[in-house]
file upload.cif (mmCIF, C-alpha atoms)
data_work
loop_
_atom_site.label_atom_id
_atom_site.label_comp_id
_atom_site.auth_asym_id
_atom_site.auth_seq_id
_atom_site.Cartn_x
_atom_site.Cartn_y
_atom_site.Cartn_z
CA MET D 775 -48.00 -66.06 94.61
CA SER D 776 -47.08 -66.37 90.93
CA GLU D 777 -48.20 -64.08 88.13
CA ALA D 778 -50.38 -67.00 87.02
CA ASP D 779 -52.52 -66.14 90.06
CA ALA D 780 -52.78 -62.43 89.20
CA VAL D 781 -56.53 -62.78 88.65
CA LEU D 782 -58.63 -65.07 90.85
CA VAL D 783 -62.11 -66.31 89.89
CA GLU D 784 -64.46 -67.88 92.44
CA ARG D 785 -68.09 -68.95 92.32
CA ASP D 786 -70.70 -68.44 95.03
CA GLY D 787 -73.89 -69.84 93.51
CA PRO D 788 -75.05 -67.34 90.85
CA VAL D 789 -72.34 -64.86 91.89
CA THR D 790 -68.90 -64.83 90.27
CA ILE D 791 -66.13 -63.08 92.23
CA ILE D 792 -63.27 -61.75 90.09
CA SER D 793 -60.28 -60.45 92.08
CA ILE D 794 -57.08 -58.70 91.05
CA ASN D 795 -54.37 -60.46 93.06
CA ARG D 796 -51.14 -58.47 92.82
CA PRO D 797 -50.85 -57.14 96.38
CA HIS D 798 -47.13 -56.40 96.03
CA CYS D 799 -48.10 -53.40 93.85
CA ARG D 800 -51.52 -52.60 95.36
CA ASN D 801 -53.13 -54.60 92.57
CA ALA D 802 -51.77 -52.42 89.77
CA VAL D 803 -52.47 -53.96 86.37
CA ASP D 804 -49.81 -54.89 83.83
CA GLY D 805 -50.53 -56.12 80.31
CA ALA D 806 -50.78 -59.79 81.22
CA THR D 807 -53.18 -59.06 84.07
CA ALA D 808 -55.31 -56.86 81.82
CA ARG D 809 -55.70 -59.79 79.44
CA LYS D 810 -56.62 -62.14 82.30
CA LEU D 811 -59.28 -59.69 83.54
CA TYR D 812 -60.70 -59.31 80.03
CA ASP D 813 -60.91 -63.09 79.60
CA ALA D 814 -62.43 -63.57 83.07
CA PHE D 815 -65.27 -61.14 82.38
CA LEU D 816 -65.96 -62.65 78.96
CA ALA D 817 -66.16 -66.08 80.61
CA PHE D 818 -68.54 -64.73 83.27
CA ASP D 819 -70.81 -63.23 80.61
CA ALA D 820 -70.89 -66.51 78.70
CA ASP D 821 -71.63 -68.63 81.81
CA GLU D 822 -75.34 -69.50 81.81
CA ASP D 823 -75.24 -70.24 85.55
CA ALA D 824 -73.72 -66.87 86.50
CA SER D 825 -75.98 -63.87 87.07
CA VAL D 826 -73.90 -61.16 88.77
CA ALA D 827 -70.16 -60.52 89.09
CA VAL D 828 -68.39 -58.95 92.07
CA PHE D 829 -65.15 -57.24 91.02
CA THR D 830 -62.58 -56.64 93.75
CA GLY D 831 -58.91 -56.71 94.74
CA THR D 832 -57.10 -58.76 97.34
CA GLN D 833 -55.40 -57.73 100.58
CA GLY D 834 -56.98 -54.36 101.22
CA HIS D 835 -56.85 -52.55 97.88
CA PHE D 836 -59.03 -52.51 94.78
CA CYS D 837 -56.51 -51.33 92.19
CA ALA D 838 -53.78 -48.67 92.09
CA GLY D 839 -54.08 -48.27 88.32
CA ALA D 840 -51.70 -49.30 85.58
CA ASP D 841 -48.43 -50.89 86.65
CA LEU D 842 -46.21 -47.92 85.79
CA LYS D 843 -43.06 -49.87 86.62
CA ALA D 844 -44.02 -52.34 83.90
CA VAL D 845 -44.88 -49.44 81.57
CA ALA D 846 -41.47 -47.88 82.23
CA LYS D 847 -39.85 -51.17 81.22
CA GLY D 848 -41.79 -51.22 77.95
CA ASP D 849 -44.62 -53.66 78.78
CA ARG D 850 -45.25 -55.20 75.36
CA GLU D 851 -48.51 -56.82 76.42
CA LYS D 852 -50.18 -53.53 77.32
CA MET D 853 -52.92 -52.84 74.76
CA ARG D 854 -53.12 -49.22 73.59
CA GLU D 855 -54.92 -49.53 70.26
CA ILE D 856 -58.10 -47.64 69.43
CA GLY D 857 -61.07 -49.95 69.78
CA GLY D 858 -64.83 -49.98 70.21
CA HIS D 859 -67.14 -52.00 72.42
CA ASN D 860 -65.83 -55.39 73.49
CA THR D 861 -62.23 -54.90 72.37
CA ILE D 862 -59.54 -55.27 75.03
CA ALA D 863 -58.59 -52.00 76.73
CA PRO D 864 -55.31 -51.02 78.42
CA MET D 865 -56.74 -52.08 81.81
CA GLY D 866 -58.48 -55.10 80.27
CA PRO D 867 -62.30 -55.25 80.47
CA SER D 868 -63.08 -51.51 80.45
CA ARG D 869 -64.61 -51.44 76.94
CA LEU D 870 -66.80 -54.49 77.46
CA ARG D 871 -70.55 -54.06 77.40
CA LEU D 872 -71.63 -57.14 79.29
CA SER D 873 -75.14 -58.56 79.32
CA LYS D 874 -75.08 -58.99 83.12
CA PRO D 875 -74.41 -56.63 86.05
CA VAL D 876 -71.08 -56.13 87.78
CA ILE D 877 -70.63 -54.76 91.31
CA ALA D 878 -67.26 -53.34 92.32
CA ALA D 879 -66.24 -54.00 95.94
CA VAL D 880 -63.75 -51.25 96.75
CA GLU D 881 -61.31 -51.36 99.65
CA GLY D 882 -58.27 -49.11 99.91
CA TYR D 883 -57.16 -47.44 96.69
CA ALA D 884 -59.20 -47.30 93.48
CA VAL D 885 -57.13 -44.71 91.68
CA ALA D 886 -56.05 -43.78 88.14
CA GLY D 887 -56.82 -46.78 85.92
CA GLY D 888 -58.11 -48.55 89.02
CA MET D 889 -60.78 -45.89 89.33
CA GLU D 890 -61.64 -46.48 85.67
CA LEU D 891 -62.10 -50.18 86.46
CA ALA D 892 -64.44 -49.25 89.32
CA LEU D 893 -66.40 -47.07 86.86
CA PHE D 894 -66.70 -50.11 84.54
CA ALA D 895 -68.96 -51.71 87.17
CA ASP D 896 -72.67 -50.96 87.37
CA MET D 897 -72.50 -50.28 91.10
CA ARG D 898 -69.81 -49.67 93.70
CA VAL D 899 -69.85 -50.91 97.31
CA VAL D 900 -67.15 -48.91 99.05
CA ALA D 901 -65.35 -49.32 102.37
CA GLU D 902 -65.48 -46.27 104.62
CA ASP D 903 -61.71 -45.74 104.36
CA ALA D 904 -61.43 -46.25 100.57
CA THR D 905 -59.88 -43.62 98.30
CA PHE D 906 -60.71 -42.71 94.71
CA GLY D 907 -58.74 -40.31 92.55
CA ILE D 908 -57.20 -39.59 89.17
CA PHE D 909 -53.73 -39.95 90.68
CA CYS D 910 -52.22 -40.47 87.23
CA ARG D 911 -52.68 -36.71 86.68
CA ARG D 912 -49.28 -36.06 88.27
CA PHE D 913 -47.44 -38.48 85.96
CA GLY D 914 -48.83 -37.53 82.56
CA VAL D 915 -50.73 -40.82 82.21
CA PRO D 916 -54.05 -40.25 80.37
CA LEU D 917 -57.46 -41.71 81.06
CA ILE D 918 -57.97 -44.17 78.20
CA ASP D 919 -60.22 -46.75 79.86
CA LEU D 920 -63.42 -44.69 79.49
CA GLY D 921 -62.72 -42.54 82.55
CA THR D 922 -63.42 -39.28 80.68
CA ILE D 923 -66.69 -40.78 79.42
CA ARG D 924 -68.12 -42.71 82.36
CA LEU D 925 -67.14 -40.28 85.12
CA PRO D 926 -69.07 -37.25 83.73
CA ARG D 927 -72.06 -39.46 82.95
CA LEU D 928 -72.01 -40.89 86.46
CA ILE D 929 -71.45 -37.81 88.63
CA GLY D 930 -72.04 -34.86 86.30
CA HIS D 931 -69.65 -32.76 84.22
CA SER D 932 -68.68 -30.18 86.84
CA GLN D 933 -67.77 -32.69 89.54
CA ALA D 934 -65.97 -34.88 87.01
CA MET D 935 -63.86 -31.95 85.82
CA ASP D 936 -62.89 -31.24 89.42
CA LEU D 937 -61.51 -34.77 89.77
CA ILE D 938 -59.99 -34.98 86.29
CA LEU D 939 -58.17 -31.65 86.49
CA THR D 940 -56.95 -31.79 90.08
CA GLY D 941 -56.27 -35.50 90.55
CA ARG D 942 -57.20 -35.02 94.21
CA PRO D 943 -58.12 -37.91 96.51
CA VAL D 944 -61.80 -38.52 97.22
CA GLY D 945 -62.88 -40.41 100.33
CA ALA D 946 -65.87 -42.71 100.64
CA ALA D 947 -68.25 -40.15 102.16
CA GLU D 948 -67.65 -37.61 99.38
CA ALA D 949 -67.78 -40.37 96.78
CA GLN D 950 -71.23 -41.35 98.02
CA ARG D 951 -72.40 -37.74 98.07
CA MET D 952 -71.42 -37.22 94.44
CA GLY D 953 -72.89 -40.55 93.29
CA LEU D 954 -69.61 -42.39 92.76
CA ALA D 955 -70.24 -44.82 95.64
CA ASN D 956 -73.62 -46.57 95.84
CA ARG D 957 -73.07 -48.05 99.31
CA VAL D 958 -70.55 -47.22 102.04
CA VAL D 959 -69.75 -50.05 104.45
CA PRO D 960 -67.30 -50.64 107.31
CA ARG D 961 -63.66 -51.30 106.52
CA GLY D 962 -63.01 -54.85 105.40
CA GLU D 963 -66.66 -55.56 104.53
CA ALA D 964 -66.90 -54.30 100.94
CA CYS D 965 -66.58 -57.70 99.28
CA ALA D 966 -68.96 -59.49 101.67
CA GLN D 967 -71.56 -56.75 101.34
CA ALA D 968 -71.19 -56.69 97.55
CA ILE D 969 -71.76 -60.45 97.44
CA LEU D 970 -74.94 -60.08 99.51
CA LEU D 971 -76.16 -57.37 97.14
CA ALA D 972 -75.26 -59.54 94.14
CA ARG D 973 -77.29 -62.43 95.58
CA GLU D 974 -80.31 -60.15 95.97
CA ILE D 975 -80.03 -59.02 92.37
CA ALA D 976 -79.58 -62.60 91.19
CA ARG D 977 -82.96 -63.52 92.74
CA PHE D 978 -84.89 -61.28 90.36
CA PRO D 979 -86.22 -62.47 86.97
CA GLN D 980 -83.07 -62.14 84.90
CA THR D 981 -84.42 -61.64 81.37
CA CYS D 982 -86.26 -58.48 82.42
CA LEU D 983 -83.43 -57.21 84.62
CA ARG D 984 -80.85 -57.59 81.86
CA ALA D 985 -83.07 -55.99 79.23
CA ASP D 986 -83.68 -52.92 81.42
CA ARG D 987 -79.97 -52.67 82.26
CA LEU D 988 -78.90 -52.81 78.62
CA SER D 989 -81.53 -50.25 77.63
CA ALA D 990 -80.15 -47.87 80.27
CA LEU D 991 -76.64 -48.36 78.85
CA ARG D 992 -77.56 -48.12 75.18
CA GLN D 993 -79.59 -44.92 75.53
CA TRP D 994 -76.34 -42.96 75.87
CA ASP D 995 -75.53 -43.92 72.26
CA LEU D 996 -78.93 -43.05 70.80
CA ALA D 997 -81.15 -40.13 69.93
CA GLU D 998 -84.25 -39.94 72.13
CA GLU D 999 -86.63 -41.49 69.57
CA ASP D 1000 -84.21 -44.34 68.90
CA ALA D 1001 -83.75 -44.90 72.65
CA ILE D 1002 -87.52 -45.11 73.09
CA ALA D 1003 -87.78 -47.68 70.29
CA ASN D 1004 -84.86 -49.67 71.71
CA GLU D 1005 -86.46 -49.75 75.16
CA MET D 1006 -89.73 -50.98 73.67
CA ARG D 1007 -88.03 -53.71 71.62
CA GLY D 1008 -86.28 -54.99 74.73
CA GLY D 1009 -89.50 -54.90 76.74
CA LEU D 1010 -91.44 -56.80 74.08
CA ASN D 1011 -88.77 -59.49 74.05
CA VAL D 1012 -89.12 -59.86 77.82
CA ILE D 1013 -92.91 -60.19 77.52
CA ALA D 1014 -92.54 -62.74 74.72
CA SER D 1015 -90.20 -64.82 76.90
CA GLY D 1016 -93.06 -65.55 79.33
CA GLU D 1017 -91.25 -64.01 82.28
CA THR D 1018 -93.76 -61.15 82.60
CA LEU D 1019 -96.78 -63.48 82.59
CA SER D 1020 -95.12 -65.66 85.22
CA GLY D 1021 -94.46 -62.64 87.40
CA ALA D 1022 -97.98 -61.28 86.96
CA THR D 1023 -99.39 -64.66 87.96
CA GLN D 1024 -97.28 -64.64 91.12
CA PHE D 1025 -98.44 -61.11 91.92
CA ALA D 1026 -102.09 -62.12 91.48
CA SER D 1027 -101.56 -64.98 93.93
CA GLY D 1028 -100.29 -62.58 96.61
CA VAL D 1029 -96.52 -62.80 96.16
CA GLY D 1030 -94.77 -59.52 97.01
CA ARG D 1031 -97.79 -58.02 98.75
CA HIS D 1032 -97.14 -54.56 100.27
CA GLY D 1033 -93.83 -54.28 98.42
CA ALA D 1034 -92.21 -57.33 100.03
CA PHE D 1035 -89.25 -58.79 98.18
CA GLY D 1036 -88.18 -62.40 98.08
CA GLY D 1037 -90.70 -65.14 98.30
CA GLY D 1038 -94.18 -63.81 98.94
CA GLU D 1039 -93.98 -62.49 102.50
CA ASP D 1040 -97.01 -60.45 103.51
#
call {"tool": "encode", "arguments": {"input": "upload.cif", "output": "structure tokens"}}
result
Amino acid sequence: MSEADAVLVERDGPVTIISINRPHCRNAVDGATARKLYDAFLAFDADEDASVAVFTGTQGHFCAGADLKAVAKGDREKMREIGGHNTIAPMGPSRLRLSKPVIAAVEGYAVAGGMELALFADMRVVAEDATFGIFCRRFGVPLIDLGTIRLPRLIGHSQAMDLILTGRPVGAAEAQRMGLANRVVPRGEACAQAILLAREIARFPQTCLRADRLSALRQWDLAEEDAIANEMRGGLNVIASGETLSGATQFASGVGRHGAFGGGED
């Protein structure tokens, strides 16, 4: 494997699979890899035929964080500037606010900056033997890929402070209990199960799904009244697109009766 292959991108119909491929360092991310990840997610978001991304790592680990050996050598490609939405972050895509959902498929370690990359995703499918943790606590490496922002929002302030202050490891069962893991699956099945979930999501009307997702993200930035107005603007755009009328017509014809999903089963 060459460093040119540090990030792999595959397509499975409407699903794009983006993989960190540096198994010699448990998929730790150096500056060049961060740039490749950033570019891969921008390309996914711009691809009209792609609906959902699955974000994973190769050979049994998600990501062990920043490549501290590269940092120690003075990695000149590592981005550490202050930046807002959509600027490149130290780990690459962490500051992006994409228009489409991302599912992290977590095997092995998702620690330090690797945990921040898992938090970048909308959902996390986690192998039963996976480990999360702010392992960088012991080395004086700060969370600068939105870890101090996303983690409290995701699991609550008290639980987040426990993880941020102690740096302790968190297994899959505890991660699911605290809301960090959305699904726990057998070892070795995280990517396959994440792809199945991504396919299910890709089957839904996408204009509506993306509008609701972005409203849920943007409300964190807004006062309540502004969030309400933003939600309504997004909803009106969906209705104007014709997607709502199409869906209502399907419902009236019997599609989805009794809560069935996927093709009008009774």
call {"tool": "residues_around", "arguments": {"input": "upload.cif", "residues": "range 866-869 of chain D", "least_positions_apart": "2", "cutoff": "10 Å", "atoms": "all atoms listed in the file", "output": "number ranges by chain"}}
result
D: 803-816, 852-853, 857-864, 871-872, 887, 890-895, 918-921
call {"tool": "atom_distance", "arguments": {"input": "upload.cif", "atom1": "CA of Ala946 in chain D", "atom2": "CA of Val959 in chain D"}}
result
9.1 Å
call {"tool": "atom_distance", "arguments": {"input": "upload.cif", "atom1": "CA of Ala990 in chain D", "atom2": "CA of Glu1005 in chain D"}}
result
8.3 Å
call {"tool": "atom_distance", "arguments": {"input": "upload.cif", "atom1": "CA of Asn1011 in chain D", "atom2": "CA of Leu988 in chain D"}}
result
12.8 Å
call {"tool": "closest_residue", "arguments": {"input": "upload.cif", "among": "D:Arg957, D:Arg911, D:Arg785, D:Arg951", "to": "Asp821 in chain D", "atoms": "all atoms listed in the file"}}
result
D:Arg785
call {"tool": "residues_near_point", "arguments": {"input": "upload.cif", "point": "(-54.0, -43.0, 88.9)", "cutoff": "10 Å", "atoms": "all atoms listed in the file", "output": "JSON, numbers by chain"}}
result
{"D": [802, 837, 838, 839, 840, 841, 842, 883, 884, 885, 886, 887, 888, 889, 890, 906, 907, 908, 909, 910, 911, 912, 913, 914, 915, 916, 917, 941]}
call {"tool": "closest_residue", "arguments": {"input": "upload.cif", "among": "D:Ala966, D:Ala997, D:Ala780, D:Met952", "to": "Arg796 in chain D", "atoms": "all atoms listed in the file"}}
result
D:Ala780
call {"tool": "resolve_selection", "arguments": {"input": "upload.cif", "expression": "the PyMOL selection byres ((chain D and resi 929) around 12)", "output": "list in words"}}
result
Leu893, Gly921, Thr922, Ile923, Arg924, Leu925, Pro926, Arg927, Leu928, Gly930, His931, Ser932, Gln933, Ala934, Met935, Asp936, Leu937, Glu948, Ala949, Gln950, Arg951, Met952, Gly953, Leu954, Ala955 and Asn956 of chain D
call {"tool": "residues_around", "arguments": {"input": "upload.cif", "residues": "Val783 in chain D", "least_positions_apart": "4", "cutoff": "10 Å", "atoms": "only C-alpha atoms", "output": "VMD selection string"}}
result
chain D and resid 779 790 to 794 811 814 to 815 818 827 to 829
call {"tool": "residues_around", "arguments": {"input": "upload.cif", "residues": "Asp903 in chain D", "least_positions_apart": "2", "cutoff": "10 Å", "atoms": "only C-alpha atoms", "output": "PyMOL selection string"}}
result
chain D and resi 880-883+900-901+905+945-947+958-962
call {"tool": "closest_residue", "arguments": {"input": "upload.cif", "among": "D:Gly831, D:Pro979, D:Pro788, D:Pro943", "to": "Ala1022 in chain D", "atoms": "all atoms listed in the file"}}
result
D:Pro979
call {"tool": "residues_around", "arguments": {"input": "upload.cif", "residues": "Lys874 in chain D", "least_positions_apart": "5", "cutoff": "10 Å", "atoms": "only C-alpha atoms", "output": "PyMOL selection string"}}
result
chain D and resi 818-820+824-827+896+976+980-981+983-985+987-988
call {"tool": "closest_residue", "arguments": {"input": "upload.cif", "among": "D:Ser1015, D:Gln967, D:Ser873, D:Ser1027", "to": "Leu991 in chain D", "atoms": "all atoms listed in the file"}}
result
D:Ser873
call {"tool": "closest_residue", "arguments": {"input": "upload.cif", "among": "D:Leu939, D:Ile877, D:Thr830, D:Gly787", "to": "Arg800 in chain D", "atoms": "all atoms listed in the file"}}
result
D:Thr830
call {"tool": "closest_residue", "arguments": {"input": "upload.cif", "among": "D:Leu971, D:Ile1002, D:Ala844, D:Leu782", "to": "Cys799 in chain D", "atoms": "all atoms listed in the file"}}
result
D:Ala844
